[in-house]
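Q: Structure file start_15.pdb, PDB, C-alpha atoms, pLDDT in the B column, is pasted below:
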```
MODEL        1
ATOM      1  CA  MET A1054     104.801 125.966  98.040  1.00 95.00           C
ATOM      2  CA  TYR A1055     102.963 123.871 100.591  1.00 98.00           C
ATOM      3  CA  GLU A1056     104.316 120.438 101.450  1.00 98.00           C
ATOM      4  CA  LEU A1057     101.780 117.790 102.466  1.00 98.00           C
ATOM      5  CA  PHE A1058     103.048 114.759 104.359  1.00 98.00           C
ATOM      6  CA  ILE A1059     100.896 111.662 103.891  1.00 98.00           C
ATOM      7  CA  ALA A1060     101.160 107.884 104.302  1.00 98.00           C
ATOM      8  CA  ASN A1061     100.298 104.946 101.999  1.00 98.00           C
ATOM      9  CA  LYS A1062      97.419 105.857  99.723  1.00 98.00           C
ATOM     10  CA  ASN A1063      95.990 102.355 100.038  1.00 98.00           C
ATOM     11  CA  TYR A1064      95.514 102.733 103.792  1.00 98.00           C
ATOM     12  CA  SER A1065      95.678 106.327 105.004  1.00 98.00           C
ATOM     13  CA  SER A1066      92.185 107.772 105.265  1.00 98.00           C
ATOM     14  CA  TRP A1067      93.369 110.740 107.329  1.00 97.00           C
ATOM     15  CA  SER A1068      95.888 111.680 104.634  1.00 98.00           C
ATOM     16  CA  LEU A1069      93.257 111.522 101.902  1.00 98.00           C
ATOM     17  CA  ARG A1070      91.132 114.367 103.261  1.00 98.00           C
ATOM     18  CA  PRO A1071      93.444 117.374 102.809  1.00 98.00           C
ATOM     19  CA  TRP A1072      95.071 115.775  99.748  1.00 98.00           C
ATOM     20  CA  VAL A1073      91.811 115.463  97.823  1.00 98.00           C
ATOM     21  CA  LEU A1074      90.584 118.882  98.981  1.00 98.00           C
ATOM     22  CA  MET A1075      93.717 120.601  97.731  1.00 98.00           C
ATOM     23  CA  ARG A1076      93.626 118.669  94.459  1.00 98.00           C
ATOM     24  CA  GLU A1077      89.961 119.470  93.810  1.00 98.00           C
ATOM     25  CA  LEU A1078      90.410 123.172  94.614  1.00 98.00           C
ATOM     26  CA  ALA A1079      93.647 123.397  92.601  1.00 98.00           C
ATOM     27  CA  ILE A1080      95.771 124.461  95.570  1.00 98.00           C
ATOM     28  CA  PRO A1081      99.358 123.581  94.613  1.00 98.00           C
ATOM     29  CA  PHE A1082     101.420 121.429  96.961  1.00 98.00           C
ATOM     30  CA  GLU A1083     104.317 119.015  96.947  1.00 98.00           C
ATOM     31  CA  GLU A1084     103.487 115.524  98.199  1.00 98.00           C
ATOM     32  CA  ARG A1085     105.741 113.876 100.767  1.00 98.00           C
ATOM     33  CA  LEU A1086     104.839 110.183 100.940  1.00 98.00           C
ATOM     34  CA  LEU A1087     105.832 108.077 103.947  1.00 98.00           C
ATOM     35  CA  ILE A1088     105.453 104.313 103.701  1.00 97.00           C
ATOM     36  CA  PHE A1089     104.346 102.369 106.769  1.00 96.00           C
ATOM     37  CA  GLY A1090     107.241 100.195 107.876  1.00 94.00           C
ATOM     38  CA  ASP A1091     109.979 102.516 106.587  1.00 97.00           C
ATOM     39  CA  ALA A1092     111.570 103.101 109.992  1.00 96.00           C
ATOM     40  CA  THR A1093     114.198 105.539 108.763  1.00 97.00           C
ATOM     41  CA  ALA A1094     111.700 107.806 107.041  1.00 97.00           C
ATOM     42  CA  TRP A1095     109.314 107.812 110.007  1.00 97.00           C
ATOM     43  CA  GLU A1096     112.134 108.521 112.452  1.00 97.00           C
ATOM     44  CA  ALA A1097     113.107 111.576 110.426  1.00 97.00           C
ATOM     45  CA  TYR A1098     109.461 112.626 110.211  1.00 98.00           C
ATOM     46  CA  ARG A1099     109.042 112.449 113.995  1.00 97.00           C
ATOM     47  CA  ARG A1100     111.909 114.873 114.369  1.00 97.00           C
ATOM     48  CA  LEU A1101     109.846 117.302 112.288  1.00 96.00           C
ATOM     49  CA  VAL A1102     106.354 116.472 113.614  1.00 97.00           C
ATOM     50  CA  ALA A1103     106.266 115.586 117.300  1.00 95.00           C
ATOM     51  CA  SER A1104     102.998 113.637 117.064  1.00 95.00           C
ATOM     52  CA  GLY A1105     104.526 111.344 114.445  1.00 97.00           C
ATOM     53  CA  LYS A1106     101.162 111.186 112.692  1.00 97.00           C
ATOM     54  CA  VAL A1107      99.979 112.149 109.233  1.00 98.00           C
ATOM     55  CA  PRO A1108      98.797 114.257 107.594  1.00 98.00           C
ATOM     56  CA  CYS A1109     100.861 117.351 108.222  1.00 98.00           C
ATOM     57  CA  LEU A1110     101.012 120.509 106.138  1.00 98.00           C
ATOM     58  CA  LYS A1111     104.261 122.474 106.005  1.00 98.00           C
ATOM     59  CA  ASP A1112     104.043 126.079 104.920  1.00 98.00           C
ATOM     60  CA  GLU A1113     107.609 127.369 105.001  1.00 97.00           C
ATOM     61  CA  SER A1114     108.399 127.411 108.751  1.00 96.00           C
ATOM     62  CA  THR A1115     104.802 126.698 109.839  1.00 98.00           C
ATOM     63  CA  LEU A1116     103.661 123.148 110.589  1.00 98.00           C
ATOM     64  CA  VAL A1117      99.971 122.281 110.766  1.00 98.00           C
ATOM     65  CA  TRP A1118      99.071 118.755 111.820  1.00 97.00           C
ATOM     66  CA  ASP A1119      95.717 116.961 112.027  1.00 97.00           C
ATOM     67  CA  SER A1120      93.371 117.000 109.046  1.00 98.00           C
ATOM     68  CA  LEU A1121      90.813 119.356 110.609  1.00 98.00           C
ATOM     69  CA  SER A1122      93.478 121.887 111.572  1.00 98.00           C
ATOM     70  CA  ILE A1123      94.926 121.724 108.065  1.00 98.00           C
ATOM     71  CA  VAL A1124      91.523 122.477 106.567  1.00 98.00           C
ATOM     72  CA  GLU A1125      91.018 125.495 108.812  1.00 98.00           C
ATOM     73  CA  TYR A1126      94.523 126.774 108.055  1.00 98.00           C
ATOM     74  CA  LEU A1127      93.800 126.544 104.338  1.00 98.00           C
ATOM     75  CA  ALA A1128      90.423 128.234 104.819  1.00 98.00           C
ATOM     76  CA  GLU A1129      92.222 131.315 106.138  1.00 98.00           C
ATOM     77  CA  ARG A1130      94.216 131.542 102.908  1.00 98.00           C
ATOM     78  CA  HIS A1131      91.991 130.213 100.125  1.00 98.00           C
ATOM     79  CA  THR A1132      88.385 130.648  99.050  1.00 97.00           C
ATOM     80  CA  GLY A1133      86.046 127.705  98.559  1.00 98.00           C
ATOM     81  CA  ILE A1134      87.262 125.550 101.442  1.00 98.00           C
ATOM     82  CA  TRP A1135      83.948 125.996 103.258  1.00 98.00           C
ATOM     83  CA  PRO A1136      80.603 127.103 101.759  1.00 98.00           C
ATOM     84  CA  ALA A1137      80.117 130.865 101.400  1.00 97.00           C
ATOM     85  CA  ASP A1138      76.655 130.817 102.978  1.00 97.00           C
ATOM     86  CA  SER A1139      76.866 131.009 106.783  1.00 98.00           C
ATOM     87  CA  GLY A1140      74.128 128.436 107.373  1.00 98.00           C
ATOM     88  CA  ALA A1141      75.662 125.957 104.973  1.00 98.00           C
ATOM     89  CA  ARG A1142      79.086 126.656 106.458  1.00 98.00           C
ATOM     90  CA  ALA A1143      77.858 125.937 109.992  1.00 98.00           C
ATOM     91  CA  TRP A1144      76.273 122.669 108.854  1.00 98.00           C
ATOM     92  CA  ALA A1145      79.405 121.687 106.924  1.00 98.00           C
ATOM     93  CA  ARG A1146      81.684 122.340 109.883  1.00 98.00           C
ATOM     94  CA  SER A1147      79.413 120.351 112.191  1.00 98.00           C
ATOM     95  CA  ALA A1148      79.199 117.387 109.807  1.00 98.00           C
ATOM     96  CA  ALA A1149      82.957 117.381 109.211  1.00 98.00           C
ATOM     97  CA  ALA A1150      83.641 117.529 112.952  1.00 98.00           C
ATOM     98  CA  GLU A1151      81.204 114.654 113.549  1.00 98.00           C
ATOM     99  CA  MET A1152      83.104 112.561 111.009  1.00 98.00           C
ATOM    100  CA  HIS A1153      86.421 113.608 112.521  1.00 97.00           C
ATOM    101  CA  SER A1154      85.486 112.574 116.071  1.00 97.00           C
ATOM    102  CA  GLY A1155      82.737 110.005 115.558  1.00 97.00           C
ATOM    103  CA  PHE A1156      81.757 106.941 113.517  1.00 98.00           C
ATOM    104  CA  SER A1157      84.247 104.910 115.543  1.00 97.00           C
ATOM    105  CA  GLU A1158      82.699 101.526 114.767  1.00 98.00           C
ATOM    106  CA  LEU A1159      82.678 102.210 111.031  1.00 98.00           C
ATOM    107  CA  ARG A1160      86.256 103.426 111.241  1.00 96.00           C
ATOM    108  CA  ASN A1161      87.490 100.458 113.306  1.00 95.00           C
ATOM    109  CA  ARG A1162      85.662  97.589 111.597  1.00 96.00           C
ATOM    110  CA  CYS A1163      85.921  98.947 108.077  1.00 97.00           C
ATOM    111  CA  GLY A1164      89.476 100.218 107.817  1.00 96.00           C
ATOM    112  CA  MET A1165      90.358 101.902 104.544  1.00 97.00           C
ATOM    113  CA  ASN A1166      92.001  99.535 102.086  1.00 97.00           C
ATOM    114  CA  CYS A1167      91.375 100.839  98.577  1.00 97.00           C
ATOM    115  CA  GLY A1168      92.591  97.789  96.709  1.00 97.00           C
ATOM    116  CA  LEU A1169      90.515  95.126  98.451  1.00 98.00           C
ATOM    117  CA  ARG A1170      86.918  93.980  98.256  1.00 98.00           C
ATOM    118  CA  ILE A1171      85.838  92.555 101.609  1.00 98.00           C
ATOM    119  CA  ARG A1172      82.813  90.733 103.013  1.00 98.00           C
ATOM    120  CA  LEU A1173      82.285  91.543 106.688  1.00 98.00           C
ATOM    121  CA  HIS A1174      81.918  88.627 109.091  1.00 97.00           C
ATOM    122  CA  GLU A1175      79.017  90.339 110.838  1.00 97.00           C
ATOM    123  CA  MET A1176      77.023  93.554 111.121  1.00 97.00           C
ATOM    124  CA  PRO A1177      76.898  94.343 114.863  1.00 98.00           C
ATOM    125  CA  ALA A1178      74.448  96.936 116.109  1.00 98.00           C
ATOM    126  CA  PRO A1179      77.036  99.705 116.681  1.00 98.00           C
ATOM    127  CA  LEU A1180      78.218  99.413 113.067  1.00 98.00           C
ATOM    128  CA  ALA A1181      74.642  99.352 111.766  1.00 98.00           C
ATOM    129  CA  ASN A1182      73.964 102.481 113.824  1.00 98.00           C
ATOM    130  CA  ASP A1183      76.966 104.274 112.336  1.00 98.00           C
ATOM    131  CA  ILE A1184      75.838 103.392 108.807  1.00 98.00           C
ATOM    132  CA  ALA A1185      72.294 104.529 109.549  1.00 98.00           C
ATOM    133  CA  ARG A1186      73.616 107.838 110.878  1.00 98.00           C
ATOM    134  CA  LEU A1187      75.793 108.200 107.779  1.00 98.00           C
ATOM    135  CA  ARG A1188      72.797 107.692 105.495  1.00 98.00           C
ATOM    136  CA  ALA A1189      70.748 110.228 107.449  1.00 98.00           C
ATOM    137  CA  LEU A1190      73.514 112.833 107.504  1.00 98.00           C
ATOM    138  CA  TRP A1191      74.208 112.566 103.793  1.00 98.00           C
ATOM    139  CA  ARG A1192      70.486 112.732 102.957  1.00 97.00           C
ATOM    140  CA  GLU A1193      70.095 115.795 105.179  1.00 98.00           C
ATOM    141  CA  GLY A1194      72.863 117.679 103.395  1.00 98.00           C
ATOM    142  CA  LEU A1195      71.747 116.668  99.917  1.00 98.00           C
ATOM    143  CA  ASP A1196      68.087 117.495 100.602  1.00 98.00           C
ATOM    144  CA  ARG A1197      68.745 120.743 102.433  1.00 98.00           C
ATOM    145  CA  PHE A1198      71.299 122.221 100.038  1.00 98.00           C
ATOM    146  CA  GLY A1199      70.259 120.617  96.759  1.00 98.00           C
ATOM    147  CA  GLY A1200      73.379 118.589  95.885  1.00 98.00           C
ATOM    148  CA  PRO A1201      75.211 117.215  94.086  1.00 98.00           C
ATOM    149  CA  PHE A1202      77.630 117.689  97.008  1.00 98.00           C
ATOM    150  CA  LEU A1203      76.714 117.919 100.674  1.00 98.00           C
ATOM    151  CA  THR A1204      76.315 121.690 100.787  1.00 98.00           C
ATOM    152  CA  GLY A1205      75.359 122.359  97.208  1.00 98.00           C
ATOM    153  CA  ALA A1206      76.986 122.607  93.817  1.00 98.00           C
ATOM    154  CA  GLY A1207      80.606 122.852  94.918  1.00 98.00           C
ATOM    155  CA  PHE A1208      82.977 120.353  96.502  1.00 98.00           C
ATOM    156  CA  THR A1209      84.101 121.676  99.894  1.00 98.00           C
ATOM    157  CA  ALA A1210      85.896 120.475 103.014  1.00 98.00           C
ATOM    158  CA  VAL A1211      82.883 118.574 104.338  1.00 98.00           C
ATOM    159  CA  ASP A1212      82.897 116.408 101.202  1.00 98.00           C
ATOM    160  CA  ALA A1213      86.635 115.849 101.607  1.00 98.00           C
ATOM    161  CA  PHE A1214      86.035 114.525 105.106  1.00 98.00           C
ATOM    162  CA  PHE A1215      83.708 111.844 103.751  1.00 98.00           C
ATOM    163  CA  THR A1216      85.912 110.726 100.832  1.00 98.00           C
ATOM    164  CA  PRO A1217      87.444 107.878 102.893  1.00 98.00           C
ATOM    165  CA  VAL A1218      83.914 106.660 103.589  1.00 98.00           C
ATOM    166  CA  ALA A1219      83.250 106.476  99.844  1.00 98.00           C
ATOM    167  CA  PHE A1220      86.225 104.129  99.536  1.00 98.00           C
ATOM    168  CA  ARG A1221      84.860 102.087 102.451  1.00 98.00           C
ATOM    169  CA  VAL A1222      81.461 101.849 100.743  1.00 98.00           C
ATOM    170  CA  GLN A1223      83.236 100.430  97.686  1.00 98.00           C
ATOM    171  CA  THR A1224      85.527  98.082  99.620  1.00 98.00           C
ATOM    172  CA  TYR A1225      82.894  96.611 101.951  1.00 98.00           C
ATOM    173  CA  ASP A1226      79.856  96.887  99.632  1.00 97.00           C
ATOM    174  CA  ILE A1227      78.008  98.899 102.280  1.00 98.00           C
ATOM    175  CA  GLU A1228      74.294  99.082 101.564  1.00 96.00           C
ATOM    176  CA  LEU A1229      72.948 102.619 101.155  1.00 97.00           C
ATOM    177  CA  ASP A1230      69.749 104.205  99.883  1.00 97.00           C
ATOM    178  CA  ALA A1231      69.759 105.594  96.355  1.00 97.00           C
ATOM    179  CA  ALA A1232      70.603 109.182  97.326  1.00 97.00           C
ATOM    180  CA  ALA A1233      73.500 108.240  99.596  1.00 98.00           C
ATOM    181  CA  ALA A1234      74.817 105.651  97.133  1.00 98.00           C
ATOM    182  CA  GLY A1235      74.712 108.223  94.365  1.00 98.00           C
ATOM    183  CA  TYR A1236      76.705 110.658  96.493  1.00 98.00           C
ATOM    184  CA  ALA A1237      79.346 108.015  97.232  1.00 98.00           C
ATOM    185  CA  GLU A1238      79.600 107.285  93.507  1.00 98.00           C
ATOM    186  CA  ARG A1239      80.072 110.986  92.738  1.00 98.00           C
ATOM    187  CA  LEU A1240      82.935 111.174  95.220  1.00 98.00           C
ATOM    188  CA  LEU A1241      84.574 108.076  93.736  1.00 98.00           C
ATOM    189  CA  ALA A1242      84.260 109.592  90.241  1.00 98.00           C
ATOM    190  CA  LEU A1243      86.193 112.766  91.109  1.00 98.00           C
ATOM    191  CA  GLY A1244      89.453 113.116  89.217  1.00 98.00           C
ATOM    192  CA  SER A1245      91.407 113.428  92.453  1.00 98.00           C
ATOM    193  CA  MET A1246      89.801 110.290  93.859  1.00 98.00           C
ATOM    194  CA  ARG A1247      90.575 108.304  90.710  1.00 98.00           C
ATOM    195  CA  GLU A1248      94.175 109.526  90.911  1.00 98.00           C
ATOM    196  CA  TRP A1249      94.465 108.501  94.578  1.00 98.00           C
ATOM    197  CA  TYR A1250      92.871 105.113  93.927  1.00 98.00           C
ATOM    198  CA  ALA A1251      95.150 104.344  90.967  1.00 98.00           C
ATOM    199  CA  ALA A1252      98.214 105.191  93.045  1.00 98.00           C
ATOM    200  CA  GLY A1253      96.897 103.184  96.001  1.00 98.00           C
ATOM    201  CA  ILE A1254      96.446  99.953  94.076  1.00 98.00           C
ATOM    202  CA  ARG A1255      99.900 100.369  92.513  1.00 98.00           C
ATOM    203  CA  GLU A1256     101.510 100.308  95.956  1.00 98.00           C
ATOM    204  CA  THR A1257     103.190  97.020  96.783  1.00 97.00           C
ATOM    205  CA  ALA A1258     104.029  97.775 100.432  1.00 95.00           C
ATOM    206  CA  ARG A1259     101.882  95.924 102.965  1.00 96.00           C
ATOM    207  CA  ASP A1260     101.436  97.049 106.562  1.00 96.00           C
ATOM    208  CA  ALA A1261     100.877  94.132 108.951  1.00 95.00           C
ATOM    209  CA  ALA A1262      98.689  96.068 111.378  1.00 94.00           C
ATOM    210  CA  HIS A1263      96.284  97.160 108.652  1.00 94.00           C
ATOM    211  CA  GLU A1264      96.241  93.727 107.044  1.00 95.00           C
ATOM    212  CA  ASP A1265      95.550  91.976 110.364  1.00 95.00           C
ATOM    213  CA  GLU A1266      92.720  94.386 111.084  1.00 93.00           C
ATOM    214  CA  ILE A1267      91.059  93.417 107.800  1.00 91.00           C
ATOM    215  CA  LYS A1268      91.307  89.703 108.583  1.00 91.00           C
ATOM    216  CA  ALA A1269      89.837  90.217 112.040  1.00 95.00           C
ATOM    217  CA  TYR A1270      86.614  91.710 110.716  1.00 97.00           C
ATOM    218  CA  GLY A1271      86.109  90.349 107.228  1.00 97.00           C
ATOM    219  CA  THR A1272      86.981  87.981 104.406  1.00 97.00           C
ATOM    220  CA  ILE A1273      88.888  89.203 101.359  1.00 97.00           C
ATOM    221  CA  VAL A1274      86.771  88.573  98.270  1.00 97.00           C
ATOM    222  CA  GLU A1275      89.089  90.239  95.774  1.00 98.00           C
ATOM    223  CA  ASP A1276      92.572  91.783  95.925  1.00 97.00           C
ATOM    224  CA  LEU A1277      93.168  94.324  93.155  1.00 98.00           C
ATOM    225  CA  ARG A1278      96.514  95.578  94.446  1.00 98.00           C
ATOM    226  CA  ALA A1279      99.764  95.256  92.539  1.00 97.00           C
ATOM    227  CA  THR A1280     102.205  92.606  93.680  1.00 93.00           C
ATOM    228  CA  ALA A1281     105.909  93.196  94.247  1.00 75.00           C
TER     229      ALA A1281
ENDMDL
END
```
How does this structure look as structure tokens?
A:
Amino acid sequence: MYELFIANKNYSSWSLRPWVLMRELAIPFEERLLIFGDATAWEAYRRLVASGKVPCLKDESTLVWDSLSIVEYLAERHTGIWPADSGARAWARSAAAEMHSGFSELRNRCGMNCGLRIRLHEMPAPLANDIARLRALWREGLDRFGGPFLTGAGFTAVDAFFTPVAFRVQTYDIELDAAAAGYAERLLALGSMREWYAAGIRETARDAAHEDEIKAYGTIVEDLRATA
């Protein structure tokens, strides 16, 4: 059985992508959770994965690291990872790659923190541009392929790549048009997303780097996370 190494569900957007994809497509795996700040666990992990970053998929003796590489590895072994139609598949791969390498201002200023509700101090132009591009990209997919997901009726890898953004929309109350907001709500309503969210707010571990990042860019309005 696959093993998927991930970090704190409250924080780790990169981990969420393959986790939710495998859950939604019923691909069995064993979860290996690493908590930020657990030096012993991370030291052992770095002996296995040279990059020291999550996520990583272990398939017997094969290691696949980086969320995009994991998705492609799974696509070679399972149906439904990408859309069957070649045009939809090309669009999905392009949109997923854009999310993987772009949206840096959204990623940096609006770090994933499932259990918080945050009011941003400001909306600088680069962040507004990222949000505008997000709206346009989601509308393009929904309009072109008919929804309810980005390339049609089924949840695929491109939707998995935007699941952390759905959590960011919820955390930071990001303003979207009706179509984009509806898509974010559909992602948040997935069974796998509800499972991840419930586990994330149960976590009591706090990572200073992530917490400091939040305070630098916004004000905490509500903290829904469990306390130790």
Q: Can you list, as a ChimeraX atom specification, every protein, DNA or RNA residue that comes within 9 Å of Tyr1236 (chain A) when you count only C-alpha atoms, leaving out same-chain residues fewer than 2 positions away?
A: /A:1191,1195,1200-1203,1219,1231-1234,1238-1241
Q: Any idea what the distance is between CA of Leu1187 (chain A) and CA of Asp1276 (chain A)?
A: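 Going from CA of Leu1187 (chain A) over to CA of Asp1276 (chain A) covers 26.3 Å.
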Q: Have a look at CA of Trp1144 (chain A) and CA of Gly1194 (chain A) and let me know their distance in Å, one decimal.
A: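 CA of Gly1194 (chain A) lies at a distance of 8.1 Å from CA of Trp1144 (chain A).
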Q: Could you tell me, as JSON, numbers by chain, exactly which residues end up selected when the PyMOL selection byres ((chain A and resi 1055) around 9) is applied to this structure?
A: {"A": [1054, 1056, 1057, 1080, 1081, 1082, 1083, 1084, 1110, 1111, 1112, 1113]}
Q: Enter the distance from CA of Phe1220 (chain A) to CA of Asn1063 (chain A), in Å, rounded to one decimal.
A: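 Computed distance, CA of Phe1220 (chain A) to CA of Asn1063 (chain A), equals 9.9 Å.
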Q: Using only C-alpha atoms, which residues sit within 7 Å of region 1253-1258 of chain A once same-chain residues fewer than 4 positions away are excluded, as JSON, numbers by chain?
A: {"A": [1062, 1063, 1167, 1168, 1249, 1277, 1278, 1279, 1280, 1281]}
Q: Report as a PDB file with C-alpha atoms, in the frame of the given file the full result of the PyMOL selection byres ((chain A and resi 1179) around 12) when it is applied to this structure.
A:
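For reference, expr20.pdb as written:
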```pdb
ATOM      1  CA  GLY A1155      82.737 110.005 115.558  1.00 97.00           C
ATOM      2  CA  PHE A1156      81.757 106.941 113.517  1.00 98.00           C
ATOM      3  CA  SER A1157      84.247 104.910 115.543  1.00 97.00           C
ATOM      4  CA  GLU A1158      82.699 101.526 114.767  1.00 98.00           C
ATOM      5  CA  LEU A1159      82.678 102.210 111.031  1.00 98.00           C
ATOM      6  CA  ARG A1160      86.256 103.426 111.241  1.00 96.00           C
ATOM      7  CA  ASN A1161      87.490 100.458 113.306  1.00 95.00           C
ATOM      8  CA  ARG A1162      85.662  97.589 111.597  1.00 96.00           C
ATOM      9  CA  GLU A1175      79.017  90.339 110.838  1.00 97.00           C
ATOM     10  CA  MET A1176      77.023  93.554 111.121  1.00 97.00           C
ATOM     11  CA  PRO A1177      76.898  94.343 114.863  1.00 98.00           C
ATOM     12  CA  ALA A1178      74.448  96.936 116.109  1.00 98.00           C
ATOM     13  CA  LEU A1180      78.218  99.413 113.067  1.00 98.00           C
ATOM     14  CA  ALA A1181      74.642  99.352 111.766  1.00 98.00           C
ATOM     15  CA  ASN A1182      73.964 102.481 113.824  1.00 98.00           C
ATOM     16  CA  ASP A1183      76.966 104.274 112.336  1.00 98.00           C
ATOM     17  CA  ILE A1184      75.838 103.392 108.807  1.00 98.00           C
ATOM     18  CA  ALA A1185      72.294 104.529 109.549  1.00 98.00           C
ATOM     19  CA  ARG A1186      73.616 107.838 110.878  1.00 98.00           C
TER      20      ARG A1186
END
```
Q: Give as a PyMOL selection string the residues that the PyMOL selection byres ((chain A and resi 1122) around 12) matches when applied to the coordinates above.
A: chain A and resi 1067+1070-1071+1107-1110+1116-1121+1123-1129+1146+1149-1150+1153+1210
Q: If you count all atoms listed in the file, which residues fall within 9 Å of Glu1077 (chain A), apart from same-chain ones fewer than 6 positions away, as an mmCIF file with C-alpha atoms, keeping the file's coordinate frame?
A:
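Once written, selection_32.cif looks like this:
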```cif
data_model
loop_
_atom_site.group_PDB
_atom_site.id
_atom_site.type_symbol
_atom_site.label_atom_id
_atom_site.label_comp_id
_atom_site.auth_asym_id
_atom_site.auth_seq_id
_atom_site.Cartn_x
_atom_site.Cartn_y
_atom_site.Cartn_z
ATOM 1 C CA PHE A 1208 82.977 120.353 96.502
ATOM 2 C CA THR A 1209 84.101 121.676 99.894
ATOM 3 C CA LEU A 1243 86.193 112.766 91.109
ATOM 4 C CA GLY A 1244 89.453 113.116 89.217
ATOM 5 C CA SER A 1245 91.407 113.428 92.453
#
```
Q: For Val1102 (chain A), which residue among A:Arg1259, A:Met1246, A:Ala1079, A:Phe1058 is the nearest when counting all atoms listed in the file?
A: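 For Val1102 (chain A), the nearest of the candidates is A:Phe1058.
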Q: Between A:His1131, A:Gly1235, A:Ser1154, A:Leu1074, which residue has the minimum interatomic distance to Val1211 (chain A), considering only C-alpha atoms?
A: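 Smallest separation from Val1211 (chain A) among the options: A:Leu1074.
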Q: Give the answer as one residue: which of A:Val1274, A:Ala1251, A:Leu1190, A:Ala1137 has the shortest atom-to-atom distance to Glu1151 (chain A), using all atoms listed in the file?
A: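 Residue with the minimum atom-to-atom distance to Glu1151 (chain A): A:Leu1190.
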Q: Measuring atom to atom with all atoms listed in the file, identify which of A:Asp1212, A:Asp1091, A:Asp1260, A:Asp1226 is nearest to Ser1065 (chain A).
A: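 Closest candidate: A:Asp1260.
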